[in-house]
Amino acid sequence: MDLHERLLVQVSARDVYDAVALAGHPGSGLVFTGQAAHDAVRMVRRHGYDGPVLADRRRYAGSARVRGTARLSADWIADQVESGVTAPLTDSGYIGKGDEESLHAILEQAARWEGVIAVLPLHARWLTQDRATLTRTVVDYGVPVALVVEDGAPYLPMALPLLAAGVEAPAALAYGAEWAAVGVREVLRHLYPDTHEPRGGWRRGGARSAFVTERLAFVPVERLGPGTCGCSTCHGRPLRHLVAADELVVNTHNAKCLHRLHNRLLRATDRRRWWRELTAAALTA
Ligand SMILES: [Zn+2]
């Protein structure tokens with residue numbers, strides 16, 4: 001069991017009862033999020049789930065986030081291994097704009113533990129202006145990493161695994177990333193900047209968005225267009241039927257459509273080209 005070319009589904013630890021239904025496809029797997037993530041891992045393992053599972057503590061998000069220079073917890077690593085994760089993730093803090101000290105602190109600590117994946121929660125500028133520094137530093141340490149990219153700039157795909165992403169996850173896979181995880185909820189598809197100003201764009205927890213394959217986007221159900229969906233949840237009905245559906249039904253549709261997209265991706269002979277063509281078509285859809 002490994003993470004090779006997996007498109008994982010990232011859920012909250014309290015979604016443990018729905019999680020297996022959302023990640024039951026071949027090529028899929030789970031990421032549980034939060035401080036109790038390893039308990040959720042233990043629970044799905046006890047119930048026989050044998051796909052890949054990761055646990056993301058997410059200390060890097062929210063207004064109480066810790067900085068990337070914070071000491072990483074060996075207990076958190078041990079708890080994950082003991083609960084049955086595929087590979088343990090570090091409980092990294094946030095790496096702000098140009099904060100090389102944090103980047104080095106995380107990679108240096110992770111390099112001491114064998115088989116650990118260093119989580120790198122990054123300000124958006126690390127993937128634009130500071131991209132070369134990021135790549136060089138990751139290569140220098142030789143530690144497996146998983147990026148979490150903060151909102152703030154369009155995502156330019158790179159061949160590194162992603163946590164808590166949206167459509168950026170299949171994009172990363174198309175560009176050669178080992179694995180990537182799509183969040184099942186809006187908040188798990190983003191890393192919102194920690195700003196003290198009230199943000200008009202804040203979405204409440206109850207908002208549901210449906211993945212629309214032709215647009216390569218998650219669309220709030222109230223704004224779905226007239227298109228239909230052939231997945232085994234929608235059965236060819238107009239996507240708008242999801243407006244009245246439970247969150248689990250919307251998420252099941254999302255998981256199925258992403259799974260189909262993932263299968264197409266794995267079959268494409270030139271994945272980058274295939275993704276670029278799909279992206280171009282989505283812009284006109
Ligand atoms: Zn559907």
# chains A, B, ... in the order shown; residues from 1 in each chain; ligands from 1
>>> residues_near_ligand(ligand="ligand 1", cutoff="6 Å", atoms="only C-alpha atoms and all ligand atoms", output="PDB file with N, CA and C atoms, in the first residue's frame")
ATOM      1  N   CYS A 229     -25.349  15.388 -15.173  1.00  0.00           N
ATOM      2  CA  CYS A 229     -24.200  14.619 -14.697  1.00  0.00           C
ATOM      3  C   CYS A 229     -24.500  13.129 -14.808  1.00  0.00           C
ATOM      4  N   GLY A 230     -23.565  12.405 -15.357  1.00  0.00           N
ATOM      5  CA  GLY A 230     -23.757  10.967 -15.570  1.00  0.00           C
ATOM      6  C   GLY A 230     -23.186  10.092 -14.457  1.00  0.00           C
ATOM      7  N   CYS A 231     -22.780  10.666 -13.331  1.00  0.00           N
ATOM      8  CA  CYS A 231     -22.199   9.843 -12.262  1.00  0.00           C
ATOM      9  C   CYS A 231     -23.297   8.990 -11.614  1.00  0.00           C
ATOM     10  N   THR A 233     -24.386   8.867  -8.766  1.00  0.00           N
ATOM     11  CA  THR A 233     -25.228   9.542  -7.779  1.00  0.00           C
ATOM     12  C   THR A 233     -26.297  10.362  -8.494  1.00  0.00           C
ATOM     13  N   CYS A 234     -25.905  11.000  -9.600  1.00  0.00           N
ATOM     14  CA  CYS A 234     -26.834  11.874 -10.327  1.00  0.00           C
ATOM     15  C   CYS A 234     -27.666  11.128 -11.379  1.00  0.00           C
ATOM     16  N   HIS A 253     -21.187  12.861  -5.080  1.00  0.00           N
ATOM     17  CA  HIS A 253     -21.068  13.285  -6.485  1.00  0.00           C
ATOM     18  C   HIS A 253     -19.647  13.800  -6.741  1.00  0.00           C
TER      19      HIS A 253
END
>>> residues_around(residues="Arg276 of chain A", least_positions_apart="6", cutoff="12 Å", atoms="only C-alpha atoms", output="list in words")
Leu156, Pro157, Pro170, Ala171, Ala172, Ala174, Tyr175, Leu216, Leu265, Ala268, Asp270, Ala282 and Leu283 of chain A
>>> write_last_selection(atoms="N, CA and C atoms", output="CSV table (one decimal), in the first residue's frame")
chain,number,residue,atom,x,y,z
A,156,LEU,N,0.3,27.6,-9.8
A,156,LEU,CA,1.0,27.1,-11.0
A,156,LEU,C,1.5,25.8,-10.6
A,157,PRO,N,1.0,24.7,-11.3
A,157,PRO,CA,1.3,23.4,-10.9
A,157,PRO,C,2.8,23.1,-10.8
A,170,PRO,N,-5.7,17.4,-8.8
A,170,PRO,CA,-5.4,16.7,-10.1
A,170,PRO,C,-4.4,17.4,-11.0
A,171,ALA,N,-4.3,18.7,-10.9
A,171,ALA,CA,-3.3,19.5,-11.7
A,171,ALA,C,-1.9,19.0,-11.2
A,172,ALA,N,-1.7,18.9,-9.9
A,172,ALA,CA,-0.4,18.5,-9.4
A,172,ALA,C,-0.1,17.1,-9.9
A,174,ALA,N,-1.1,15.7,-12.6
A,174,ALA,CA,-0.8,15.8,-14.1
A,174,ALA,C,0.6,16.3,-14.3
A,175,TYR,N,1.1,17.0,-13.4
A,175,TYR,CA,2.5,17.6,-13.5
A,175,TYR,C,3.5,16.7,-12.8
A,216,LEU,N,-13.9,22.4,-14.5
A,216,LEU,CA,-12.8,22.1,-13.6
A,216,LEU,C,-12.9,23.0,-12.3
A,265,LEU,N,-7.0,11.0,-16.2
A,265,LEU,CA,-5.6,11.5,-16.1
A,265,LEU,C,-4.6,10.4,-16.2
A,268,ALA,N,-4.0,9.2,-19.7
A,268,ALA,CA,-3.5,10.1,-20.7
A,268,ALA,C,-2.0,9.9,-21.0
A,270,ASP,N,0.2,12.0,-22.5
A,270,ASP,CA,0.9,13.2,-22.1
A,270,ASP,C,0.0,13.9,-21.1
A,282,ALA,N,-12.1,24.4,-20.2
A,282,ALA,CA,-12.9,24.8,-19.0
A,282,ALA,C,-13.1,26.3,-19.0
A,283,LEU,N,-12.1,27.0,-19.6
A,283,LEU,CA,-12.3,28.5,-19.6
A,283,LEU,C,-13.4,29.0,-20.5
>>> select_by_dssp(residues="segment 23-261 of chain A", states="alpha helix (DSSP H)", output="JSON, numbers by chain")
{"A": [37, 38, 39, 40, 41, 42, 43, 44, 45, 46, 74, 75, 76, 77, 78, 79, 80, 81, 82, 83, 100, 101, 102, 103, 104, 105, 106, 107, 108, 109, 110, 131, 132, 133, 134, 135, 136, 137, 138, 139, 140, 141, 168, 169, 170, 171, 172, 173, 174, 247, 248, 249, 250, 251, 252, 253, 254, 255, 256, 257, 258, 259, 260, 261]}
>>> write_last_selection(atoms="C-alpha atoms", output="PDB file, in the first residue's frame")
ATOM      1  CA  ALA A  37      -7.028  12.822  13.097  1.00  0.00           C
ATOM      2  CA  HIS A  38      -5.084   9.808  14.346  1.00  0.00           C
ATOM      3  CA  ASP A  39      -8.137   8.588  16.291  1.00  0.00           C
ATOM      4  CA  ALA A  40     -10.139   8.688  13.046  1.00  0.00           C
ATOM      5  CA  VAL A  41      -7.364   6.725  11.312  1.00  0.00           C
ATOM      6  CA  ARG A  42      -7.502   4.087  14.031  1.00  0.00           C
ATOM      7  CA  MET A  43     -11.271   3.852  13.652  1.00  0.00           C
ATOM      8  CA  VAL A  44     -11.315   3.317   9.866  1.00  0.00           C
ATOM      9  CA  ARG A  45      -8.485   0.793  10.157  1.00  0.00           C
ATOM     10  CA  ARG A  46     -10.434  -1.101  12.792  1.00  0.00           C
ATOM     11  CA  ALA A  74       7.605  13.357  17.988  1.00  0.00           C
ATOM     12  CA  ASP A  75       4.505  12.165  19.872  1.00  0.00           C
ATOM     13  CA  TRP A  76       2.327  13.250  16.941  1.00  0.00           C
ATOM     14  CA  ILE A  77       4.483  11.156  14.592  1.00  0.00           C
ATOM     15  CA  ALA A  78       4.400   8.140  16.931  1.00  0.00           C
ATOM     16  CA  ASP A  79       0.604   8.411  17.387  1.00  0.00           C
ATOM     17  CA  GLN A  80       0.105   8.363  13.630  1.00  0.00           C
ATOM     18  CA  VAL A  81       2.346   5.349  13.066  1.00  0.00           C
ATOM     19  CA  GLU A  82       0.642   3.484  15.893  1.00  0.00           C
ATOM     20  CA  SER A  83      -2.835   4.267  14.466  1.00  0.00           C
ATOM     21  CA  GLU A 100      13.151  30.873   4.966  1.00  0.00           C
ATOM     22  CA  GLU A 101      13.869  30.314   8.659  1.00  0.00           C
ATOM     23  CA  SER A 102      10.565  28.438   9.014  1.00  0.00           C
ATOM     24  CA  LEU A 103      11.107  26.463   5.813  1.00  0.00           C
ATOM     25  CA  HIS A 104      14.523  25.305   7.023  1.00  0.00           C
ATOM     26  CA  ALA A 105      13.276  24.611  10.555  1.00  0.00           C
ATOM     27  CA  ILE A 106      10.603  22.204   9.299  1.00  0.00           C
ATOM     28  CA  LEU A 107      12.815  20.394   6.791  1.00  0.00           C
ATOM     29  CA  GLU A 108      15.720  20.125   9.236  1.00  0.00           C
ATOM     30  CA  GLN A 109      13.543  18.537  11.923  1.00  0.00           C
ATOM     31  CA  ALA A 110      11.750  16.222   9.459  1.00  0.00           C
ATOM     32  CA  ARG A 131       9.564  29.158  -6.428  1.00  0.00           C
ATOM     33  CA  ALA A 132      13.218  28.524  -7.325  1.00  0.00           C
ATOM     34  CA  THR A 133      14.302  28.888  -3.674  1.00  0.00           C
ATOM     35  CA  LEU A 134      11.545  26.512  -2.582  1.00  0.00           C
ATOM     36  CA  THR A 135      12.476  23.876  -5.157  1.00  0.00           C
ATOM     37  CA  ARG A 136      16.188  24.125  -4.406  1.00  0.00           C
ATOM     38  CA  THR A 137      15.671  23.887  -0.639  1.00  0.00           C
ATOM     39  CA  VAL A 138      13.357  20.868  -0.893  1.00  0.00           C
ATOM     40  CA  VAL A 139      15.811  19.094  -3.199  1.00  0.00           C
ATOM     41  CA  ASP A 140      18.744  19.927  -0.871  1.00  0.00           C
ATOM     42  CA  TYR A 141      17.121  18.343   2.174  1.00  0.00           C
ATOM     43  CA  GLU A 168      -5.106  22.009  -7.912  1.00  0.00           C
ATOM     44  CA  ALA A 169      -4.820  18.394  -6.703  1.00  0.00           C
ATOM     45  CA  PRO A 170      -5.430  16.686 -10.081  1.00  0.00           C
ATOM     46  CA  ALA A 171      -3.333  19.470 -11.664  1.00  0.00           C
ATOM     47  CA  ALA A 172      -0.391  18.511  -9.434  1.00  0.00           C
ATOM     48  CA  LEU A 173      -0.827  14.850 -10.381  1.00  0.00           C
ATOM     49  CA  ALA A 174      -0.848  15.788 -14.070  1.00  0.00           C
ATOM     50  CA  GLU A 247     -24.143  17.493   1.976  1.00  0.00           C
ATOM     51  CA  LEU A 248     -23.152  13.816   1.808  1.00  0.00           C
ATOM     52  CA  VAL A 249     -24.922  13.399  -1.563  1.00  0.00           C
ATOM     53  CA  VAL A 250     -23.112  16.465  -2.958  1.00  0.00           C
ATOM     54  CA  ASN A 251     -19.813  15.159  -1.631  1.00  0.00           C
ATOM     55  CA  THR A 252     -20.450  11.694  -3.074  1.00  0.00           C
ATOM     56  CA  HIS A 253     -21.068  13.285  -6.485  1.00  0.00           C
ATOM     57  CA  ASN A 254     -17.815  15.241  -6.038  1.00  0.00           C
ATOM     58  CA  ALA A 255     -15.829  12.133  -5.123  1.00  0.00           C
ATOM     59  CA  LYS A 256     -17.202  10.177  -8.091  1.00  0.00           C
ATOM     60  CA  CYS A 257     -16.549  12.935 -10.637  1.00  0.00           C
ATOM     61  CA  LEU A 258     -13.026  13.475  -9.323  1.00  0.00           C
ATOM     62  CA  HIS A 259     -12.426   9.730  -9.455  1.00  0.00           C
ATOM     63  CA  ARG A 260     -13.464   9.647 -13.121  1.00  0.00           C
ATOM     64  CA  LEU A 261     -11.257  12.626 -13.889  1.00  0.00           C
TER      65      LEU A 261
END
>>> select_by_dssp(residues="segment 2-236 of chain A", states="strand (DSSP E)", output="PyMOL selection string")
chain A and resi 6-12+30-33+53-56+118-122+145-149+162-165+179-183+209-212+217-220
>>> closest_residue(among="A:Ser63, A:Thr90, A:Gln35, A:Ser28", to="Tyr192 of chain A", atoms="only C-alpha atoms")
A:Ser63
>>> residues_around(residues="Val116 of chain A", least_positions_apart="6", cutoff="7 Å", atoms="only C-alpha atoms", output="PyMOL selection string")
chain A and resi 87-89+110
>>> residues_around(residues="Lys97 of chain A", least_positions_apart="6", cutoff="8 Å", atoms="only C-alpha atoms", output="list in words")
Leu122, His123, Ala124, Arg125 and Trp126 of chain A
>>> residues_around(residues="segment 13-27 of chain A", least_positions_apart="2", cutoff="7 Å", atoms="only C-alpha atoms", output="VMD selection string")
chain A and resid 6 to 7 9 11 29 to 30 32 to 34 36 to 37 40 252 255
>>> write_last_selection(atoms="C-alpha atoms", output="PDB file, in the first residue's frame")
ATOM      1  CA  ARG A   6      -3.276   8.593  -5.469  1.00  0.00           C
ATOM      2  CA  LEU A   7      -5.948  11.272  -5.441  1.00  0.00           C
ATOM      3  CA  VAL A   9     -10.022  12.805  -0.169  1.00  0.00           C
ATOM      4  CA  VAL A  11     -11.999  15.190   5.439  1.00  0.00           C
ATOM      5  CA  GLY A  29      -7.494   7.250  -0.051  1.00  0.00           C
ATOM      6  CA  LEU A  30      -8.084   9.489   2.951  1.00  0.00           C
ATOM      7  CA  PHE A  32      -8.094  13.071   8.234  1.00  0.00           C
ATOM      8  CA  THR A  33      -7.684  16.595   9.536  1.00  0.00           C
ATOM      9  CA  GLY A  34      -7.293  18.055  13.004  1.00  0.00           C
ATOM     10  CA  ALA A  36      -8.015  13.959  16.600  1.00  0.00           C
ATOM     11  CA  ALA A  37      -7.028  12.822  13.097  1.00  0.00           C
ATOM     12  CA  ALA A  40     -10.139   8.688  13.046  1.00  0.00           C
ATOM     13  CA  THR A 252     -20.450  11.694  -3.074  1.00  0.00           C
ATOM     14  CA  ALA A 255     -15.829  12.133  -5.123  1.00  0.00           C
TER      15      ALA A 255
END
>>> atom_distance(atom1="atom CA of Arg215 of chain A", atom2="atom CA of Ala153 of chain A")
19.2 Å
>>> decode(residues="segment 130-148 of chain A", atoms="C-alpha atoms", output="mmCIF file, in the first residue's frame")
data_model
loop_
_atom_site.group_PDB
_atom_site.id
_atom_site.type_symbol
_atom_site.label_atom_id
_atom_site.label_comp_id
_atom_site.auth_asym_id
_atom_site.auth_seq_id
_atom_site.Cartn_x
_atom_site.Cartn_y
_atom_site.Cartn_z
ATOM 1 C CA ASP A 130 10.221 32.358 -4.527
ATOM 2 C CA ARG A 131 9.564 29.158 -6.428
ATOM 3 C CA ALA A 132 13.218 28.524 -7.325
ATOM 4 C CA THR A 133 14.302 28.888 -3.674
ATOM 5 C CA LEU A 134 11.545 26.512 -2.582
ATOM 6 C CA THR A 135 12.476 23.876 -5.157
ATOM 7 C CA ARG A 136 16.188 24.125 -4.406
ATOM 8 C CA THR A 137 15.671 23.887 -0.639
ATOM 9 C CA VAL A 138 13.357 20.868 -0.893
ATOM 10 C CA VAL A 139 15.811 19.094 -3.199
ATOM 11 C CA ASP A 140 18.744 19.927 -0.871
ATOM 12 C CA TYR A 141 17.121 18.343 2.174
ATOM 13 C CA GLY A 142 15.884 15.316 0.214
ATOM 14 C CA VAL A 143 12.886 14.903 2.539
ATOM 15 C CA PRO A 144 9.483 13.936 1.072
ATOM 16 C CA VAL A 145 7.169 16.936 1.339
ATOM 17 C CA ALA A 146 3.503 17.871 0.982
ATOM 18 C CA LEU A 147 2.578 21.475 0.212
ATOM 19 C CA VAL A 148 -0.401 23.413 1.488
#
